[in-house]
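Please read the structure below before turning to the comments.
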Protein chains: 2
Amino acid sequence: MAASTLSEVARLAGVSLATASRVLNGSSRKPAEDIAERVREAADKLGYVPNAQAQALAKSSSGLIGLVVHDIADPYFSAIARGVQEAARQQNRMVLLATTSGAPSDEKEAVAAFAARRADSIVIAGSRSVRAEDKQGNTELAAELDRYCRNGGHVGVVGHPVVGASTTEGYHVVKVPNEELAAGLAAELAATHDGAFLIIAGPEGLYTSDDRVRGFQRGLADAGRPAAEVIRTGFNRAGGYEAGQALAERIKSSTERLCIFAVNDVMAIGVTAALRPEGVWIPRDATIAGFDDIETLRDFRPALSTVHLPLEDIGRLAAGDPDTPPVSGAVKLRRSTETPVESQV
Amino acid sequence: MAASTLSEVARLAGVSLATASRVLNGSSRKPAEDIAERVREAADKLGYVPNAQAQALAKSSSGLIGLVVHDIADPYFSAIARGVQEAARQQNRMVLLATTSGAPSDEKEAVAAFAARRADSIVIAGSRSVRAEDKQGNTELAAELDRYCRNGGHVGVVGHPVVGASTTEGYHVVKVPNEELAAGLAAELAATHDGAFLIIAGPEGLYTSDDRVRGFQRGLADAGRPAAEVIRTGFNRAGGYEAGQALAERIKSSTERLCIFAVNDVMAIGVTAALRPEGVWIPRDATIAGFDDIETLRDFRPALSTVHLPLEDIGRLAAGDPDTPPVSGAVKLRRSTETPVESQV
DNA sequence: TTCCAGTGGGAAAGCGCATTCCCGTTGCAA
DNA sequence: TTGCAACGGGAATGCGCTTTCCCACTGGAA
């Protein structure tokens, strides 16, 4: 037995298709109460569930909002996803999910799929990349988005505009002040840390990573400090872990305390995890700060200094929620960058 | 400009609608190569994107798979979501997301919405509840699922069957051996811990929580130990935190070392976080174990003893992936339940 | 040369619904 | 009583696509 249709309901209620439609699916014209009641009864009896596909086709608006993330299990993205989901709920829409591992060509596929489903809007989270290998993917993605927008779609991008996207109509980016915040973090750290700084960054060409590196260096410079050395690695925990392993010897053999800035929280955690078995303690032997202020990581010890980002709000904004406050962010200095009282003997 | 349609493509290519459809959207009948090429060119020129809604309507199969979770930002759910997403990708489908905070009545809404969109299958994650206030919600949810299945839908439930669901056709539950694993955990803990045990559980009536409590008690009994006291609180970090606060005094004033079993990892983290500022150290003053083995929490220190659950596989299984191994799980004893060498002076 | 199976393109009938007209009713002013 | 506007229900059209059915055409066997 296939799901019952509107015309079955109409027939059972003894009314026309039009009337049944008007009663059941919020039209501007309201049929008389007695007849409406009859229709509702019939619908109930048949267990009628309107076919959203057909509705979408008829009124060309799907009530769908597409979300593109690198990895839904990454707490950064899942926090954003929660915001998008909330906004969707308020707008009475549903969210369609796509994960891409960050490859622009996959993102292009996802956008095409969303466009095919006639999603009312699309949210793209995850860092934009200008790496050479993503060149073509970026171009295709931009073209796809362009077409989508021209056809009346709305797209919200987190952080940076999609590389090469020319559209302005229906296209908006939720700016995340990565650079300013990183500069602020550097300034605050420079106030209490005398030694050298080191940045553990993602691959060159990842906008988010690059912005944070640039901001941090600027903050350092403004504080009259020399630029920090930059180590490039993966933009995730594994990357941080590797970098930490490579760093352990160096920290142990040096007398100077290093202040490490990992460009995101999970990388910072990775670094710390790699350092610990080597006997390098935070903040005793080195200090470390991250970025994002991931909720799940707040109970981590030593508490991670970081930059708070209102990820949920970011998601909401990208999903077009009008009454969400603009993105602000704030430096959070915690235990991982505290200079122990008895340090530096 | 609205998106171009198949008939525009057909006209431009000088062929019929039927032929264009056969060329572009994988039909069993393959038109001649020269004509196919013409159609493809036309489609490309017009930037044709097939309307999935219309396709779904015409062949009554949407390529959608609905996922119901309590909270997508909860790492437990986002791990499952990743599995579902992967399975969907393999099956060439997209996933529709709904979050419900765990209320059966919301879940019912979500299922109805999925049914309206004619999702090919629905995955429900998150603990079933038999609490009194959920009675009606459960009944409605069961009815909705029942109808959905009768109409040919497939549903996969994680953990326990939906309360009151009578359908068997198209309905399958991914069994999670919570009870056995909890019993195993109790057995292993009892082998090294001599003192009392305490369980911090979720609200009574939450199947997952109840199963784990029951299993743990059974394991204890099998090891010849007295039953553990059970404290009920929220099934999340906040609940654990509260319980931890309530417990601190007691632990400090007692000479006996307590072994705490929090029924999931985030609760365990909450407990630990509440205990720490009170000067209660794990595992020195008490030991603690969780359940789930949440990935993001693995770098937590002291490393949390827990029970590993293949969450991603669970998601994949629920989404109907045939070649995913069955759910197994394993006890992971780590630092948080180690008895320090110099303990118990 | 005739006949028939086989091939491949096109016309048309929906899929389930929203919506635009159209028309029969009703109520009220003239 | 007549006329007209306002109201409310119904028939019909179309959203963009798949798929069945039909038909014109081909080539090879008889």
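Chain labels run A, B, ... following the order of the structure tokens; each chain numbers its residues from 1, and ligands are numbered from 1 in the order shown.
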Select all residues from chain A having any atom no more than 9 Å from an atom of chain C (counting only C-alpha atoms (C1' of nucleotides), ignoring ligands), output as number ranges by chain. A: 5-7, 18, 21-22, 27, 50-59
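Residues from chain D found within 12 Å of chain B are DC15, DG16, DC17, DT18, DT19 and DT20 of chain D, counting only C-alpha atoms (C1' of nucleotides).
With atom CA of B:Ala330 on one side and atom CA of B:Asp313 on the other, the separation reads 14.0 Å.
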Taking only C-alpha atoms into account, report as a ChimeraX atom specification which residues of chain B lie within 8 Å of chain A. /B:1-3,47,49-54,56-57,71-75,78-79,81-82,85,94-99,112,115-118,147,150-152,269-270,273,296-297,299-301
Run DSSP on the backbone and give me the residues of stretch 122-183 of chain B it puts in alpha helix (DSSP H), as a PyMOL selection string. chain B and resi 135-150+178-183
Atoms to include: N, CA and C atoms. Write the selected residues as an mmCIF file, in the first residue's frame.
```
data_model
loop_
_atom_site.group_PDB
_atom_site.id
_atom_site.type_symbol
_atom_site.label_atom_id
_atom_site.label_comp_id
_atom_site.auth_asym_id
_atom_site.auth_seq_id
_atom_site.Cartn_x
_atom_site.Cartn_y
_atom_site.Cartn_z
ATOM 1 N N LYS B 135 4.932 8.839 27.431
ATOM 2 C CA LYS B 135 3.991 7.802 27.050
ATOM 3 C C LYS B 135 3.283 8.131 25.739
ATOM 4 N N GLN B 136 2.615 9.267 25.738
ATOM 5 C CA GLN B 136 1.840 9.610 24.556
ATOM 6 C C GLN B 136 2.731 9.810 23.333
ATOM 7 N N GLY B 137 3.835 10.494 23.562
ATOM 8 C CA GLY B 137 4.766 10.725 22.466
ATOM 9 C C GLY B 137 5.213 9.411 21.850
ATOM 10 N N ASN B 138 5.508 8.452 22.685
ATOM 11 C CA ASN B 138 5.940 7.150 22.199
ATOM 12 C C ASN B 138 4.866 6.492 21.343
ATOM 13 N N THR B 139 3.647 6.554 21.826
ATOM 14 C CA THR B 139 2.552 5.941 21.088
ATOM 15 C C THR B 139 2.420 6.568 19.706
ATOM 16 N N GLU B 140 2.472 7.888 19.691
ATOM 17 C CA GLU B 140 2.336 8.582 18.415
ATOM 18 C C GLU B 140 3.507 8.269 17.488
ATOM 19 N N LEU B 141 4.692 8.250 18.075
ATOM 20 C CA LEU B 141 5.873 7.943 17.277
ATOM 21 C C LEU B 141 5.749 6.556 16.662
ATOM 22 N N ALA B 142 5.322 5.610 17.496
ATOM 23 C CA ALA B 142 5.168 4.243 17.014
ATOM 24 C C ALA B 142 4.165 4.190 15.870
ATOM 25 N N ALA B 143 3.072 4.917 16.031
ATOM 26 C CA ALA B 143 2.034 4.919 14.998
ATOM 27 C C ALA B 143 2.590 5.500 13.695
ATOM 28 N N GLU B 144 3.321 6.585 13.839
ATOM 29 C CA GLU B 144 3.881 7.253 12.665
ATOM 30 C C GLU B 144 4.853 6.324 11.937
ATOM 31 N N LEU B 145 5.694 5.657 12.705
ATOM 32 C CA LEU B 145 6.672 4.747 12.111
ATOM 33 C C LEU B 145 5.963 3.591 11.435
ATOM 34 N N ASP B 146 4.941 3.133 12.114
ATOM 35 C CA ASP B 146 4.160 2.028 11.603
ATOM 36 C C ASP B 146 3.614 2.371 10.223
ATOM 37 N N ARG B 147 3.007 3.507 10.147
ATOM 38 C CA ARG B 147 2.446 3.962 8.882
ATOM 39 C C ARG B 147 3.540 4.081 7.824
ATOM 40 N N TYR B 148 4.645 4.677 8.241
ATOM 41 C CA TYR B 148 5.767 4.871 7.312
ATOM 42 C C TYR B 148 6.236 3.537 6.749
ATOM 43 N N CYS B 149 6.360 2.552 7.621
ATOM 44 C CA CYS B 149 6.810 1.234 7.178
ATOM 45 C C CYS B 149 5.780 0.581 6.279
ATOM 46 N N ARG B 150 4.526 0.696 6.644
ATOM 47 C CA ARG B 150 3.476 0.095 5.812
ATOM 48 C C ARG B 150 3.500 0.679 4.421
ATOM 49 N N ASN B 178 24.710 -3.110 25.314
ATOM 50 C CA ASN B 178 25.018 -2.261 26.456
ATOM 51 C C ASN B 178 25.137 -3.057 27.748
ATOM 52 N N GLU B 179 24.177 -3.940 27.935
ATOM 53 C CA GLU B 179 24.138 -4.666 29.203
ATOM 54 C C GLU B 179 25.360 -5.573 29.350
ATOM 55 N N GLU B 180 25.645 -6.374 28.341
ATOM 56 C CA GLU B 180 26.781 -7.286 28.392
ATOM 57 C C GLU B 180 28.080 -6.524 28.615
ATOM 58 N N LEU B 181 28.234 -5.439 27.855
ATOM 59 C CA LEU B 181 29.476 -4.685 27.954
ATOM 60 C C LEU B 181 29.628 -4.054 29.331
ATOM 61 N N ALA B 182 28.528 -3.550 29.863
ATOM 62 C CA ALA B 182 28.593 -2.949 31.196
ATOM 63 C C ALA B 182 28.957 -4.017 32.218
ATOM 64 N N ALA B 183 28.409 -5.210 32.006
ATOM 65 C CA ALA B 183 28.734 -6.313 32.918
ATOM 66 C C ALA B 183 30.229 -6.624 32.821
#
```
Which residues are close to stretch 5-14 of chain D, i.e. within 7 Å by only C-alpha atoms (C1' of nucleotides), leaving aside same-chain residues fewer than 6 positions away? Reply as JSON, numbers by chain. {"A": [16, 19, 31]}
Enumerate the residues of stretch 107-287 of chain A with a DSSP assignment of strand (DSSP E), computed from the backbone, and present them as a PyMOL selection string. chain A and resi 121-124+154-158+171-174+197-201+229-232+258-262+286-287
Emit the selected residues as a tab-separated table (two decimals), in the first residue's frame, including C-alpha atoms.
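What follows is the written file again38.tsv:
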```
chain	number	residue	atom	x	y	z
A	121	SER	CA	19.66	27.93	0.48
A	122	ILE	CA	23.07	26.40	0.94
A	123	VAL	CA	25.53	26.84	3.77
A	124	ILE	CA	29.17	26.11	3.15
A	154	HIS	CA	20.87	31.76	-1.48
A	155	VAL	CA	24.26	30.75	-0.24
A	156	GLY	CA	25.96	31.50	3.04
A	157	VAL	CA	29.65	30.85	3.39
A	158	VAL	CA	31.49	30.66	6.67
A	171	TYR	CA	25.49	35.25	-1.81
A	172	HIS	CA	26.67	36.26	1.62
A	173	VAL	CA	29.65	35.39	3.72
A	174	VAL	CA	29.72	35.25	7.49
A	197	PHE	CA	56.84	31.88	19.93
A	198	LEU	CA	56.14	29.07	17.54
A	199	ILE	CA	53.16	28.59	15.30
A	200	ILE	CA	51.82	25.22	14.29
A	201	ALA	CA	49.74	25.87	11.24
A	229	GLU	CA	58.68	30.28	13.33
A	230	VAL	CA	55.88	28.49	11.47
A	231	ILE	CA	55.55	24.73	11.19
A	232	ARG	CA	53.11	23.42	8.62
A	258	LEU	CA	58.50	28.10	24.09
A	259	CYS	CA	55.00	29.46	23.60
A	260	ILE	CA	53.19	27.44	20.97
A	261	PHE	CA	50.19	28.67	19.01
A	262	ALA	CA	48.33	25.90	17.27
A	286	ALA	CA	56.17	25.02	27.25
A	287	THR	CA	52.88	26.82	26.94
```
Which residue of B:Gly244, B:Gly320, B:Gly315, B:Pro326 approaches B:Glu278 most closely, using only C-alpha atoms: B:Gly244
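As for atom CA of A:Arg334 and atom CA of A:Gln245, they are spaced 23.4 Å apart.
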